[in-house]
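Coordinates from model_37.txt are shown below (compact mmCIF, C-alpha atoms).
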# COMPACT_ATOMS: atom_id res chain seq x y z
CA MET A 249 102.58 -42.67 155.45
CA LEU A 250 99.05 -41.35 156.01
CA TYR A 251 100.30 -38.36 158.01
CA LEU A 252 103.03 -37.55 155.51
CA THR A 253 100.48 -37.65 152.69
CA GLY A 254 98.25 -35.32 154.66
CA ILE A 255 101.11 -32.85 155.14
CA ILE A 256 101.93 -32.87 151.42
CA ILE A 257 98.29 -32.34 150.40
CA THR A 258 97.82 -29.55 152.94
CA PHE A 259 100.75 -27.50 151.71
CA PHE A 260 99.83 -28.26 148.11
CA LEU A 261 96.44 -26.65 148.78
CA VAL A 262 98.16 -23.70 150.45
CA ILE A 263 100.24 -23.19 147.30
CA ILE A 264 97.10 -23.36 145.12
CA LEU A 265 95.34 -20.75 147.22
CA THR A 266 98.26 -18.36 147.58
CA SER A 267 98.98 -18.50 143.85
CA LYS A 268 95.37 -17.82 142.93
CA LYS A 269 94.74 -14.48 141.23
CA ASN A 270 92.29 -12.03 142.78
CA LYS A 271 92.25 -13.84 146.10
CA SER A 272 89.22 -13.15 148.23
CA GLU A 273 89.21 -12.66 151.97
CA ALA A 274 87.92 -16.21 152.40
CA ASP A 275 90.78 -17.54 150.24
CA LYS A 276 93.34 -15.84 152.47
CA ILE A 277 91.74 -17.13 155.66
CA LEU A 278 91.55 -20.67 154.26
CA ALA A 279 95.19 -20.56 153.13
CA LEU A 280 96.33 -19.42 156.57
CA TRP A 281 94.09 -22.02 158.23
CA LEU A 282 95.59 -24.81 156.11
CA PHE A 283 99.12 -23.54 156.80
CA PHE A 284 98.59 -23.73 160.56
CA THR A 285 96.99 -27.17 160.19
CA GLY A 286 99.90 -28.40 158.09
CA PHE A 287 102.41 -27.10 160.63
CA HIS A 288 100.51 -28.86 163.41
CA LEU A 289 100.58 -32.08 161.39
CA ILE A 290 104.35 -31.76 161.02
CA LEU A 291 104.75 -31.41 164.78
CA PHE A 292 102.59 -34.48 165.38
CA TYR A 293 104.48 -36.43 162.71
CA LEU A 294 107.76 -35.73 164.51
CA HIS A 295 106.30 -36.97 167.79
CA PHE A 296 104.68 -39.99 166.17
CA ASN A 297 108.06 -41.08 164.75
CA ASN A 298 109.98 -40.09 167.93
CA GLU A 299 111.99 -37.57 165.94
CA TYR A 300 111.14 -34.60 168.17
CA ILE A 301 114.48 -35.04 169.97
CA GLU A 302 116.21 -33.79 166.83
CA PHE A 303 114.06 -30.62 166.81
CA PRO A 304 113.83 -29.50 170.47
CA PHE A 305 113.22 -25.88 169.44
CA LEU A 306 109.80 -26.98 168.13
CA LEU A 307 108.71 -28.63 171.38
CA GLY A 308 105.66 -27.01 172.98
CA PHE A 309 104.32 -25.31 169.88
CA GLU A 310 101.80 -28.09 169.26
CA ILE A 311 100.07 -27.44 172.60
CA PRO A 312 98.18 -24.22 171.68
CA MET A 313 97.68 -25.11 167.99
CA PRO A 314 94.15 -26.62 168.37
CA LEU A 315 92.97 -23.26 169.73
CA VAL A 316 93.22 -21.68 166.26
CA GLN A 317 91.00 -24.25 164.53
CA GLY A 318 87.67 -22.95 165.83
CA PRO A 319 88.38 -19.28 165.08
CA PHE A 320 89.59 -20.12 161.56
CA LEU A 321 86.41 -22.10 160.85
CA TYR A 322 84.24 -19.27 162.16
CA LEU A 323 86.07 -16.49 160.31
CA TYR A 324 86.15 -18.53 157.09
CA THR A 325 82.40 -19.11 157.33
CA SER A 326 81.85 -15.41 158.06
CA ALA A 327 83.96 -14.32 155.10
CA LEU A 328 82.45 -16.82 152.69
CA THR A 329 78.92 -15.75 153.60
CA ASN A 330 79.81 -12.05 153.62
CA GLN A 331 79.07 -11.64 157.33
CA ASN A 332 82.52 -10.64 158.54
CA HIS A 333 81.58 -7.02 159.23
CA ASN A 334 83.74 -6.35 162.32
CA LYS A 335 87.12 -7.27 160.89
CA LYS A 336 89.01 -5.09 163.36
CA TYR A 337 87.98 -7.51 166.12
CA ASN A 338 89.02 -10.68 164.29
CA LEU A 339 92.28 -11.08 166.21
CA LEU A 340 90.35 -11.25 169.50
CA HIS A 341 89.22 -14.74 168.52
CA TYR A 342 92.84 -15.87 168.87
CA THR A 343 93.19 -14.55 172.44
CA PRO A 344 93.21 -18.06 174.05
CA PHE A 345 95.94 -19.11 171.61
CA ILE A 346 98.07 -16.05 172.44
CA ILE A 347 97.52 -16.46 176.20
CA THR A 348 98.62 -20.09 176.01
CA ILE A 349 101.78 -19.07 174.14
CA LEU A 350 102.56 -16.55 176.87
CA LEU A 351 102.00 -19.14 179.60
CA LEU A 352 104.41 -21.47 177.80
CA LEU A 353 107.20 -18.88 177.59
CA PRO A 354 108.98 -20.31 180.66
CA PHE A 355 109.02 -23.70 178.95
CA PHE A 356 110.32 -22.23 175.70
CA GLY A 357 113.17 -20.66 177.68
CA LEU A 358 114.42 -24.01 178.95
CA SER A 359 117.41 -25.78 177.46
CA SER A 360 116.92 -28.48 174.85
CA ASP A 361 117.78 -31.25 177.32
CA GLU A 362 115.27 -29.93 179.87
CA LYS A 363 112.51 -29.77 177.26
CA ILE A 364 113.21 -33.30 176.07
CA ASP A 365 113.24 -34.58 179.65
CA ILE A 366 109.83 -33.00 180.34
CA TYR A 367 108.40 -34.63 177.21
CA LYS A 368 109.83 -38.01 178.13
CA ASN A 369 108.09 -37.65 181.50
CA GLU A 370 104.77 -36.79 179.82
CA GLY A 371 104.74 -33.10 180.72
CA LYS A 372 105.78 -33.46 184.34
CA GLY A 373 105.42 -30.13 186.13
CA TYR A 374 103.02 -28.72 183.53
CA GLU A 375 99.99 -30.93 184.23
CA PRO A 376 97.69 -28.09 185.46
CA LEU A 377 98.45 -25.97 182.39
CA LEU A 378 97.92 -28.90 180.02
CA LEU A 379 94.57 -29.68 181.66
CA VAL A 380 93.41 -26.06 181.35
CA VAL A 381 94.48 -25.96 177.68
CA TYR A 382 92.66 -29.24 176.98
CA ILE A 383 89.42 -27.89 178.48
CA ALA A 384 89.85 -24.63 176.52
CA VAL A 385 90.36 -26.61 173.30
CA ILE A 386 87.12 -28.58 173.82
CA ILE A 387 85.11 -25.46 174.65
CA SER A 388 86.61 -23.56 171.71
CA GLY A 389 85.89 -26.36 169.24
CA ILE A 390 82.25 -26.81 170.27
CA LEU A 391 81.55 -23.09 170.62
CA TYR A 392 82.94 -22.09 167.23
CA ALA A 393 81.23 -24.99 165.46
CA LEU A 394 77.89 -23.78 166.86
CA LEU A 395 78.66 -20.15 165.97
CA SER A 396 79.59 -21.21 162.42
CA LEU A 397 76.32 -23.13 162.04
CA GLN A 398 74.49 -20.02 163.25
CA LYS A 399 76.21 -17.94 160.57
CA LEU A 400 75.29 -20.51 157.95
CA SER A 401 71.65 -20.60 159.08
CA LYS A 402 71.47 -16.80 158.84
CA HIS A 403 73.00 -16.94 155.38
CA ARG A 404 70.46 -19.53 154.21
CA LYS A 405 67.65 -17.21 155.24
CA ASN A 406 69.33 -14.31 153.47
CA ILE A 407 69.51 -16.30 150.24
CA THR A 408 65.79 -17.09 150.22
CA GLU A 409 65.03 -13.41 150.83
CA GLN A 410 67.07 -12.26 147.81
CA PHE A 411 67.34 -15.08 145.26
CA SER A 412 64.84 -17.17 143.33
CA PHE A 413 67.31 -20.06 143.05
CA THR A 414 69.75 -21.83 145.36
CA GLU A 415 71.20 -24.63 143.26
CA LYS A 416 74.20 -22.69 141.92
CA ILE A 417 74.91 -21.00 145.23
CA ASN A 418 76.37 -24.08 146.82
CA LEU A 419 76.02 -24.22 150.59
CA ARG A 420 76.96 -27.88 150.93
CA TRP A 421 80.65 -27.03 151.04
CA LEU A 422 80.20 -25.07 154.25
CA ILE A 423 77.86 -27.63 155.77
CA TYR A 424 80.37 -30.42 155.15
CA LEU A 425 83.21 -28.26 156.41
CA ILE A 426 81.46 -27.45 159.70
CA LEU A 427 80.15 -30.96 160.29
CA GLY A 428 83.56 -32.44 159.46
CA SER A 429 85.16 -30.11 161.97
CA SER A 430 82.57 -31.15 164.56
CA VAL A 431 83.43 -34.82 164.01
CA ILE A 432 87.08 -34.01 164.72
CA TRP A 433 86.14 -32.44 168.06
CA VAL A 434 84.16 -35.54 169.00
CA VAL A 435 87.24 -37.65 168.23
CA VAL A 436 89.38 -35.23 170.29
CA ILE A 437 87.14 -35.82 173.32
CA PHE A 438 86.99 -39.61 173.12
CA CYS A 439 90.12 -40.77 171.30
CA ASP A 440 93.93 -40.61 171.44
CA ASP A 441 96.23 -38.56 169.22
CA PRO A 442 96.74 -41.14 166.42
CA TYR A 443 92.98 -41.34 165.86
CA ILE A 444 92.62 -37.57 166.10
CA PHE A 445 95.25 -36.83 163.50
CA SER A 446 94.10 -39.64 161.23
CA THR A 447 90.68 -37.98 161.25
CA VAL A 448 92.32 -34.62 160.54
CA VAL A 449 94.14 -36.07 157.53
CA LEU A 450 90.91 -37.54 156.16
CA TYR A 451 89.32 -34.13 156.69
CA LEU A 452 92.12 -32.56 154.67
CA PHE A 453 91.56 -35.12 151.90
CA PHE A 454 87.93 -34.00 151.91
CA ILE A 455 88.93 -30.32 151.70
CA GLY A 456 91.26 -31.12 148.82
CA TYR A 457 88.63 -33.04 146.87
CA PHE A 458 85.56 -30.88 147.44
CA GLY A 459 87.53 -27.65 147.67
CA ILE A 460 89.00 -28.04 144.20
CA LYS A 461 85.57 -29.02 142.83
CA GLN A 462 83.96 -26.04 144.53
CA VAL A 463 83.86 -23.28 141.95
CA GLY A 464 84.71 -19.90 143.37
CA ILE A 465 87.05 -21.16 146.11
CA PHE A 466 90.03 -22.77 144.43
CA THR A 467 89.29 -21.42 140.95
CA ASN A 468 88.38 -18.14 139.32
CA LYS A 469 85.70 -19.48 136.99
CA PRO A 470 82.19 -18.06 137.25
CA ILE A 471 79.61 -20.28 138.84
CA SER A 472 77.23 -20.07 135.89
CA GLU A 473 77.21 -23.27 133.87
CA ASN A 474 76.73 -21.59 130.54
CA ASN A 475 79.28 -18.86 131.27
CA THR A 476 76.89 -16.19 130.05
CA THR A 477 75.59 -14.91 133.35
CA GLU A 478 77.77 -14.97 136.38
CA VAL A 479 75.87 -16.14 139.43
CA PRO A 480 77.01 -14.60 142.72
CA SER A 481 79.25 -16.81 144.83
CA LEU A 482 78.71 -17.09 148.57
CA GLU A 483 81.02 -14.16 149.22
CA ASN A 484 79.19 -11.89 146.77
CA ILE A 485 75.72 -12.32 148.22
CA PRO A 486 74.81 -8.90 149.64
CA THR A 487 73.65 -8.47 153.19
CA GLU A 488 71.92 -5.36 154.43
CA PRO A 489 73.42 -3.77 157.56
CA GLN A 490 71.15 -4.09 160.58
CA SER A 491 70.63 -0.32 160.65
CA GLU A 492 69.27 -0.44 157.09
CA LYS A 493 66.88 -3.25 157.99
CA ILE A 494 65.56 -1.31 160.98
CA LYS A 495 65.23 1.82 158.83
CA TYR A 496 63.02 0.15 156.26
CA GLU A 497 61.08 -1.90 158.79
CA LYS A 498 60.09 1.42 160.35
CA SER A 499 59.67 3.21 157.03
CA GLY A 500 56.02 3.98 157.76
CA LEU A 501 54.70 2.07 154.74
CA SER A 502 50.92 2.27 155.07
CA ASN A 503 48.58 -0.57 154.24
CA THR A 504 47.27 1.37 151.25
CA GLU A 505 50.78 1.87 149.89
CA LEU A 506 51.60 -1.79 150.52
CA LEU A 507 48.54 -2.94 148.59
CA ALA A 508 49.32 -0.54 145.73
CA ILE A 509 52.86 -1.85 145.43
CA HIS A 510 51.57 -5.42 145.58
CA LYS A 511 49.11 -4.66 142.77
CA ASN A 512 51.91 -3.25 140.61
CA LEU A 513 54.02 -6.30 141.40
CA THR A 514 51.21 -8.66 140.42
CA GLN A 515 50.60 -6.84 137.14
CA LEU A 516 54.30 -6.80 136.35
CA MET A 517 54.61 -10.54 136.92
CA GLU A 518 51.52 -11.26 134.82
CA ASN A 519 52.58 -9.03 131.94
CA GLU A 520 56.31 -9.68 131.77
CA LYS A 521 56.53 -13.10 133.47
CA LEU A 522 59.85 -12.19 135.03
CA TYR A 523 59.86 -15.44 136.98
CA LYS A 524 60.88 -17.17 133.75
CA ASN A 525 64.34 -15.73 134.35
CA SER A 526 65.92 -18.64 136.24
CA GLU A 527 68.40 -16.28 137.92
CA LEU A 528 66.00 -13.54 138.95
CA THR A 529 66.99 -11.69 142.13
CA LEU A 530 65.17 -9.40 144.51
CA ALA A 531 67.42 -6.52 143.47
CA GLU A 532 66.51 -6.95 139.78
CA LEU A 533 62.81 -7.09 140.52
CA SER A 534 63.10 -4.04 142.79
CA GLN A 535 64.70 -2.04 139.99
CA LYS A 536 61.79 -2.91 137.72
CA LEU A 537 59.39 -1.44 140.28
CA ASN A 538 61.71 1.43 141.21
CA LEU A 539 61.71 0.36 144.87
CA HIS A 540 64.31 -0.36 147.50
CA SER A 541 64.76 -4.11 147.85
CA ASN A 542 63.81 -4.03 151.54
CA ILE A 543 60.49 -2.35 150.70
CA LEU A 544 59.70 -4.99 148.09
CA SER A 545 60.71 -7.76 150.47
CA GLN A 546 58.37 -6.29 153.09
CA VAL A 547 55.52 -6.19 150.57
CA ILE A 548 56.05 -9.80 149.45
CA ASN A 549 56.31 -11.06 153.03
CA SER A 550 53.23 -9.14 154.17
CA ALA A 551 50.92 -9.52 151.16
CA GLU A 552 51.94 -13.00 150.03
CA GLY A 553 53.06 -14.53 153.31
CA LYS A 554 56.17 -15.83 151.55
CA ASN A 555 59.82 -14.94 151.19
CA PHE A 556 61.14 -13.94 147.77
CA TYR A 557 62.36 -17.45 146.90
CA ASP A 558 59.00 -19.09 147.67
CA TYR A 559 57.04 -16.31 145.96
CA ILE A 560 58.90 -16.58 142.64
CA ASN A 561 58.88 -20.37 142.63
CA TYR A 562 55.16 -20.33 143.38
CA GLN A 563 54.72 -18.22 140.22
CA ARG A 564 56.78 -20.75 138.27
CA VAL A 565 54.67 -23.66 139.51
CA GLU A 566 51.46 -21.85 138.61
CA GLU A 567 52.83 -21.12 135.13
CA PHE A 568 53.73 -24.78 134.70
CA LYS A 569 50.20 -25.82 135.68
CA LYS A 570 48.83 -23.52 132.97
CA ILE A 571 51.06 -24.60 130.09
CA ILE A 572 51.13 -28.34 130.83
CA VAL A 573 47.48 -28.68 129.76
CA LEU A 574 47.91 -26.85 126.45
CA PRO A 575 47.63 -29.25 123.46
CA GLU A 576 50.69 -27.79 121.72
CA ASN A 577 52.84 -28.66 124.75
CA GLN A 578 51.99 -32.34 124.90
CA LYS A 579 55.01 -33.19 122.76
CA PHE A 580 57.42 -31.70 125.32
CA THR A 581 58.82 -33.36 128.43
CA LEU A 582 57.89 -32.16 131.90
CA LEU A 583 61.44 -31.00 132.55
CA SER A 584 61.66 -28.94 129.37
CA LEU A 585 58.43 -27.18 130.29
CA ALA A 586 59.73 -26.66 133.83
CA PHE A 587 62.83 -24.97 132.40
CA GLU A 588 60.54 -22.81 130.27
CA CYS A 589 58.83 -21.65 133.48
CA GLY A 590 62.11 -20.58 135.10
CA PHE A 591 63.31 -23.62 137.01
CA ASN A 592 66.99 -24.40 136.51
CA SER A 593 67.14 -28.01 137.69
CA LYS A 594 64.98 -31.09 138.06
CA THR A 595 65.57 -31.11 141.80
CA ALA A 596 64.40 -27.51 142.23
CA PHE A 597 61.34 -28.17 140.07
CA ASN A 598 60.25 -31.29 141.94
CA ARG A 599 60.94 -29.80 145.37
CA ASN A 600 59.03 -26.56 144.74
CA PHE A 601 56.17 -28.25 142.87
CA ARG A 602 55.57 -30.61 145.77
CA LYS A 603 55.85 -27.72 148.22
CA VAL A 604 53.12 -25.78 146.39
CA THR A 605 50.75 -28.59 145.39
CA GLY A 606 51.52 -31.30 147.92
CA VAL A 607 52.13 -33.87 145.17
CA SER A 608 54.82 -34.61 142.59
CA PRO A 609 54.45 -33.34 138.99
CA SER A 610 53.61 -36.84 137.69
CA GLU A 611 51.02 -37.37 140.45
CA TYR A 612 49.49 -34.01 139.66
CA LEU A 613 49.07 -34.94 135.96
CA LYS A 614 47.35 -38.19 136.89
Let's see the structure in the file written out as structure tokens.
Amino acid sequence: MLYLTGIIITFFLVIILTSKKNKSEADKILALWLFFTGFHLILFYLHFNNEYIEFPFLLGFEIPMPLVQGPFLYLYTSALTNQNHNKKYNLLHYTPFIITILLLLPFFGLSSDEKIDIYKNEGKGYEPLLLVVYIAVIISGILYALLSLQKLSKHRKNITEQFSFTEKINLRWLIYLILGSSVIWVVVIFCDDPYIFSTVVLYLFFIGYFGIKQVGIFTNKPISENNTTEVPSLENIPTEPQSEKIKYEKSGLSNTELLAIHKNLTQLMENEKLYKNSELTLAELSQKLNLHSNILSQVINSAEGKNFYDYINYQRVEEFKKIIVLPENQKFTLLSLAFECGFNSKTAFNRNFRKVTGVSPSEYLK
């Protein structure tokens, strides 16, 4: 019953994704990934109930199926974090899967009775191939999980270089997805098929629950809570090509020019208090100063010793420290004053305040 439920949920999610308007690249990859996973579950379900004899034409297709899981996870992570720049090479990730299919062609050409007999004898005559595929599956799973985590780590750094907030740009979905996939590979190494596919089904339940809750993946609603300003989703976060980064790193910005830009930045922040905009981005601040965002990022990193995220939140903490002591603000709560300074959540306020001062807001007041 558990496996059948997993199959139903998987294809239900596929229908949701394929029927979604304005599907993104990540949506398409996830839909295809779930389709392959659902098909693999069907094959296992037939074997689990000893019904594979009635469908001999399907025998053998489950063998290479695990080899697509790692590439799908990696490409989905790349697409969702806007790092899938070499799309023309995407199919190369499925080379082990295609090679395994080709190696199994002699088996596919056998009669139904011959296939069934081989399965009843636990793959007799194909032991070397099955061992090689098993090793390839383990290597693929571990390798692509690590590569996906690397993509996610790079994306985290990119966010702090360009955004003054992280709360509405939810990275937990990807973290859970990658870690959940890693758990499955651990089970693959140490456990038998029933445990493996039970874990897969639970993983699919997780995707169904968190995926539908995750705004921007299964829905078309903007991430912004008040629906007035649309906050970029993971896929919309811009990334500068490496050539652009090198260009501006070697732009020849002198120390005098750097200090002049930093002075203008400081005056702008003091006069206009742009940090009070809870959704301020590096691009918006760059436009105010009529600079390329990479130049401004270089100035902030060099002059302040901080990335954009830490710099803006430092300004917000300093503003809070100024207004909390004003007599007219004593009637307001700490959180309301924090929001006034540009913070958009209690968690962000507490985390950044402690990072700057070393103590919590309440400890600081004492």
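The spacing separating CA of Val573 in chain A from CA of Leu528 in chain A amounts to 25.6 Å.
Note that the spacing between CA of Tyr424 in chain A and CA of Gln398 in chain A amounts to 14.4 Å.
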List as a list of chain:residue names the protein and nucleic acid residues near Glu532 in chain A, meaning an atom at most 10 Å away when only C-alpha atoms are counted, but skip any in the same chain fewer than 6 places from it.
A:Gln410, A:Phe411, A:Leu522, A:Asn538, A:Ser541
Give me, as an MDAnalysis selection string, all polymer residues having an atom no more than 9 Å from Leu422 in chain A, counting only C-alpha atoms and skipping those fewer than 4 positions away in the same chain. chainID A and resid 325 328 397 400 418 426:427
Show which residues sit within 7 Å of range 342-352 of chain A, as a list in words. Count all atoms listed in the file, and ignore same-chain residues fewer than 6 positions away.
Pro312, Leu315, Val316 and Pro319 of chain A
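Distance annotation: of A:Met313, A:His341, A:Gly357, A:Phe305, the residue with the minimal separation from Tyr382 in chain A is A:Met313; atom set is only C-alpha atoms.
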CA of Ser534 in chain A sits from CA of Val604 in chain A at a separation of 24.2 Å
Query raised in the report: Can you list, as a ChimeraX atom specification, every protein, DNA or RNA residue that comes within 10 Å of range 580-594 of chain A when you count all atoms listed in the file, leaving out same-chain residues fewer than 3 positions away?
Result: /A:412-416,521-528,560-561,563-569,571-572,576-577,597-601,609-610
Would you mind exporting the chosen residues as a tab-separated table (two decimals), keeping the file's coordinate frame, restricted to C-alpha atoms?
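again-v2.tsv written:
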chain	number	residue	atom	x	y	z
A	412	SER	CA	64.84	-17.17	143.33
A	413	PHE	CA	67.31	-20.06	143.05
A	414	THR	CA	69.75	-21.83	145.36
A	415	GLU	CA	71.20	-24.63	143.26
A	416	LYS	CA	74.20	-22.69	141.92
A	521	LYS	CA	56.53	-13.10	133.47
A	522	LEU	CA	59.85	-12.19	135.03
A	523	TYR	CA	59.86	-15.44	136.98
A	524	LYS	CA	60.88	-17.17	133.75
A	525	ASN	CA	64.34	-15.73	134.35
A	526	SER	CA	65.92	-18.64	136.24
A	527	GLU	CA	68.40	-16.28	137.92
A	528	LEU	CA	66.00	-13.54	138.95
A	560	ILE	CA	58.90	-16.58	142.64
A	561	ASN	CA	58.88	-20.37	142.63
A	563	GLN	CA	54.72	-18.22	140.22
A	564	ARG	CA	56.78	-20.75	138.27
A	565	VAL	CA	54.67	-23.66	139.51
A	566	GLU	CA	51.46	-21.85	138.61
A	567	GLU	CA	52.83	-21.12	135.13
A	568	PHE	CA	53.73	-24.78	134.70
A	569	LYS	CA	50.20	-25.82	135.68
A	571	ILE	CA	51.06	-24.60	130.09
A	572	ILE	CA	51.13	-28.34	130.83
A	576	GLU	CA	50.69	-27.79	121.72
A	577	ASN	CA	52.84	-28.66	124.75
A	597	PHE	CA	61.34	-28.17	140.07
A	598	ASN	CA	60.25	-31.29	141.94
A	599	ARG	CA	60.94	-29.80	145.37
A	600	ASN	CA	59.03	-26.56	144.74
A	601	PHE	CA	56.17	-28.25	142.87
A	609	PRO	CA	54.45	-33.34	138.99
A	610	SER	CA	53.61	-36.84	137.69
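Considering the residues A:Leu391, A:Val547, A:Ile423, A:Ile264 and counting all atoms listed in the file, Arg404 in chain A has its shortest atom-to-atom contact with A:Ile423.
The shortest atom-to-atom distance to Val262 in chain A, with only C-alpha atoms taken into account, belongs to A:Trp281 out of A:Tyr300, A:Tyr293, A:Trp281, A:Tyr612.
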Among A:Ile257, A:Leu252, A:Ala279, A:Ile407, Leu291 in chain A is approached most closely, using all atoms listed in the file, by A:Leu252
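Residues in contact with Thr266 in chain A at up to 10 Å, not including ones fewer than 4 positions away on its chain and judged by all atoms listed in the file, are Leu261, Val262, Asn270, Lys271, Asp275, Lys276, Leu278, Ala279, Leu280 and Phe466 of chain A.
Surrounding residues of (83.8, -31.3, 169.0) at most 10 Å away are Gly318, Val385, Ile386, Ile387, Ser388, Gly389, Ile390, Leu391, Tyr392, Ala393, Leu394, Leu427, Gly428, Ser429, Ser430, Val431, Ile432, Trp433, Val434, Val435, Val436, Ile437 and Phe438 of chain A (based on all atoms listed in the file).
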Please produce a file of those selected residues containing C-alpha atoms, as a PDB file, keeping the file's coordinate frame.
ATOM      1  CA  GLY A 318      87.670 -22.950 165.830  1.00  0.00           C
ATOM      2  CA  VAL A 385      90.360 -26.610 173.300  1.00  0.00           C
ATOM      3  CA  ILE A 386      87.120 -28.580 173.820  1.00  0.00           C
ATOM      4  CA  ILE A 387      85.110 -25.460 174.650  1.00  0.00           C
ATOM      5  CA  SER A 388      86.610 -23.560 171.710  1.00  0.00           C
ATOM      6  CA  GLY A 389      85.890 -26.360 169.240  1.00  0.00           C
ATOM      7  CA  ILE A 390      82.250 -26.810 170.270  1.00  0.00           C
ATOM      8  CA  LEU A 391      81.550 -23.090 170.620  1.00  0.00           C
ATOM      9  CA  TYR A 392      82.940 -22.090 167.230  1.00  0.00           C
ATOM     10  CA  ALA A 393      81.230 -24.990 165.460  1.00  0.00           C
ATOM     11  CA  LEU A 394      77.890 -23.780 166.860  1.00  0.00           C
ATOM     12  CA  LEU A 427      80.150 -30.960 160.290  1.00  0.00           C
ATOM     13  CA  GLY A 428      83.560 -32.440 159.460  1.00  0.00           C
ATOM     14  CA  SER A 429      85.160 -30.110 161.970  1.00  0.00           C
ATOM     15  CA  SER A 430      82.570 -31.150 164.560  1.00  0.00           C
ATOM     16  CA  VAL A 431      83.430 -34.820 164.010  1.00  0.00           C
ATOM     17  CA  ILE A 432      87.080 -34.010 164.720  1.00  0.00           C
ATOM     18  CA  TRP A 433      86.140 -32.440 168.060  1.00  0.00           C
ATOM     19  CA  VAL A 434      84.160 -35.540 169.000  1.00  0.00           C
ATOM     20  CA  VAL A 435      87.240 -37.650 168.230  1.00  0.00           C
ATOM     21  CA  VAL A 436      89.380 -35.230 170.290  1.00  0.00           C
ATOM     22  CA  ILE A 437      87.140 -35.820 173.320  1.00  0.00           C
ATOM     23  CA  PHE A 438      86.990 -39.610 173.120  1.00  0.00           C
TER      24      PHE A 438
END
Closest of A:Leu544, A:Ala327, A:Leu507, A:Leu307 to His403 in chain A, counting only C-alpha atoms, is A:Ala327
task = Please return, as a VMD selection string, all polymer residues that have at least one atom within 12 Å of the point (89.1, -9.7, 160.1); use only C-alpha atoms and the file's own coordinate frame.
result = chain A and resid 273 to 274 276 to 277 319 to 320 322 to 327 330 to 342
